[in-house]
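Structure record follows, encoded as structure tokens.
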Amino acid sequence: ERPFGLKKAAGTLRFVATHPVRLFGDPVLKQRSREVEDLNGSLVGLAETMYETMYEAIGLGLAAPQIGVQRRIFTYDVGEGPHVIINPELVDASGEWVYNEGCLSVPGMHFEIVRPKVVTLRGIGLDGNDLEIEADEVLARLFQHEIDHLDGVLLLDRLEPDERKRALRAIREQDLATVPRSAGPAL
Ligand code: NI
């Protein structure tokens, strides 16, 4: 595994530890993460670590199990600053949308996947307040992708059987840890 990194937190004089992103094959990515029951200050530190890890990996989103923390939390930034969602759930979904989806845990690969176009997410913010967000297209896709991570589901599990077989063969033939980050966003 790559060593832990240290990164200067944006706009501060503090340094925040970043973590290596867990890759396909790591069993932590196949397990369902548990609900957060205790909203306390340690979540602030976790969120900061997740932001820095997400930015360092050049991802739009990051779910806690991707750094080995099995709690239902994800972070994202689709260009409007960092956000964190605790105990997210989808309460509505509609339409269909094709998106060339990538994942930080499956580097270098993108797959055209159809999922609902618009979703409504409920969760809790870092301040403890309830959130409800209606999202479209990329943000809707990100929400679905990150909640999948919290359920132990990877984008490979969303492929048709033949395409999944081809993808798994391609992964077996390469060392994911050495695959360069592909162009295009990863969730
Ligand atoms: Ni992902």
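FYI, nothing fancy with the structure tokens labels: chains A, B, ... in order, residues from 1 per chain, ligands from 1 as they appear.
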Please report, as a Markdown table, each residue of chain A lying at most 12 Å from ligand 1, together with the nearest pair of atoms and the separation in Å rounded to one decimal; use only C-alpha atoms and all ligand atoms, and order rows by chain and ascending residue number.
```
| residue | atom | partner | partner_atom_place_in_ligand_line | distance |
| --- | --- | --- | --- | --- |
| A:Val21 | CA | ligand 1 | 1 (Ni) | 9.9 |
| A:Arg22 | CA | ligand 1 | 1 (Ni) | 10.0 |
| A:Leu23 | CA | ligand 1 | 1 (Ni) | 9.6 |
| A:Phe24 | CA | ligand 1 | 1 (Ni) | 9.8 |
| A:Leu29 | CA | ligand 1 | 1 (Ni) | 9.6 |
| A:Met54 | CA | ligand 1 | 1 (Ni) | 10.6 |
| A:Ala57 | CA | ligand 1 | 1 (Ni) | 11.4 |
| A:Ile58 | CA | ligand 1 | 1 (Ni) | 11.8 |
| A:Gly59 | CA | ligand 1 | 1 (Ni) | 8.6 |
| A:Leu60 | CA | ligand 1 | 1 (Ni) | 9.2 |
| A:Gly61 | CA | ligand 1 | 1 (Ni) | 7.3 |
| A:Leu62 | CA | ligand 1 | 1 (Ni) | 6.6 |
| A:Ala63 | CA | ligand 1 | 1 (Ni) | 7.3 |
| A:Ala64 | CA | ligand 1 | 1 (Ni) | 10.5 |
| A:Pro65 | CA | ligand 1 | 1 (Ni) | 10.0 |
| A:Gln66 | CA | ligand 1 | 1 (Ni) | 7.8 |
| A:Ile67 | CA | ligand 1 | 1 (Ni) | 11.3 |
| A:Phe74 | CA | ligand 1 | 1 (Ni) | 10.4 |
| A:Thr75 | CA | ligand 1 | 1 (Ni) | 11.2 |
| A:Tyr76 | CA | ligand 1 | 1 (Ni) | 11.1 |
| A:Glu101 | CA | ligand 1 | 1 (Ni) | 8.8 |
| A:Gly102 | CA | ligand 1 | 1 (Ni) | 6.8 |
| A:Cys103 | CA | ligand 1 | 1 (Ni) | 3.7 |
| A:Leu104 | CA | ligand 1 | 1 (Ni) | 5.2 |
| A:Ser105 | CA | ligand 1 | 1 (Ni) | 5.7 |
| A:Val106 | CA | ligand 1 | 1 (Ni) | 7.4 |
| A:Pro107 | CA | ligand 1 | 1 (Ni) | 9.3 |
| A:Gly108 | CA | ligand 1 | 1 (Ni) | 12.0 |
| A:Met109 | CA | ligand 1 | 1 (Ni) | 11.1 |
| A:His110 | CA | ligand 1 | 1 (Ni) | 10.8 |
| A:Arg141 | CA | ligand 1 | 1 (Ni) | 10.8 |
| A:Leu142 | CA | ligand 1 | 1 (Ni) | 8.5 |
| A:Phe143 | CA | ligand 1 | 1 (Ni) | 10.4 |
| A:Gln144 | CA | ligand 1 | 1 (Ni) | 10.0 |
| A:His145 | CA | ligand 1 | 1 (Ni) | 6.2 |
| A:Glu146 | CA | ligand 1 | 1 (Ni) | 6.3 |
| A:Ile147 | CA | ligand 1 | 1 (Ni) | 9.5 |
| A:Asp148 | CA | ligand 1 | 1 (Ni) | 8.4 |
| A:His149 | CA | ligand 1 | 1 (Ni) | 6.6 |
| A:Leu150 | CA | ligand 1 | 1 (Ni) | 10.1 |
| A:Asp151 | CA | ligand 1 | 1 (Ni) | 11.8 |
| A:Gly152 | CA | ligand 1 | 1 (Ni) | 10.6 |
| A:Val153 | CA | ligand 1 | 1 (Ni) | 9.3 |
| A:Leu154 | CA | ligand 1 | 1 (Ni) | 6.9 |
| A:Leu155 | CA | ligand 1 | 1 (Ni) | 7.2 |
| A:Leu156 | CA | ligand 1 | 1 (Ni) | 10.1 |
| A:Asp157 | CA | ligand 1 | 1 (Ni) | 11.8 |
| A:Pro185 | CA | ligand 1 | 1 (Ni) | 10.3 |
| A:Ala186 | CA | ligand 1 | 1 (Ni) | 6.6 |
| A:Leu187 | CA | ligand 1 | 1 (Ni) | 4.3 |
```
In segment 10-150 of chain A, DSSP alpha helix (DSSP H) residues written as a list in words: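 Selection result, alpha helix (DSSP H) within segment 10-150 of chain A: Ser42, Leu43, Val44, Gly45, Leu46, Ala47, Glu48, Thr49, Met50, Tyr51, Glu52, Thr53, Met54, Tyr55, Glu56, Glu137, Val138, Leu139, Ala140, Arg141, Leu142, Phe143, Gln144, His145, Glu146, Ile147, Asp148, His149 and Leu150 of chain A.
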Between atom CA of Val118 of chain A and atom CA of Trp97 of chain A, distance in Å (one decimal): 8.6 Å
From A:Arg172, A:Leu46, A:Tyr51, A:Ala177, residue lying nearest Gly81 of chain A [only C-alpha atoms]: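 For Gly81 of chain A, the nearest of the given residues is A:Tyr51.
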Residue among A:Ile86, A:Ala170, A:Val91, A:Leu176 lying closest to Gly128 of chain A, counting only C-alpha atoms: A:Ile86
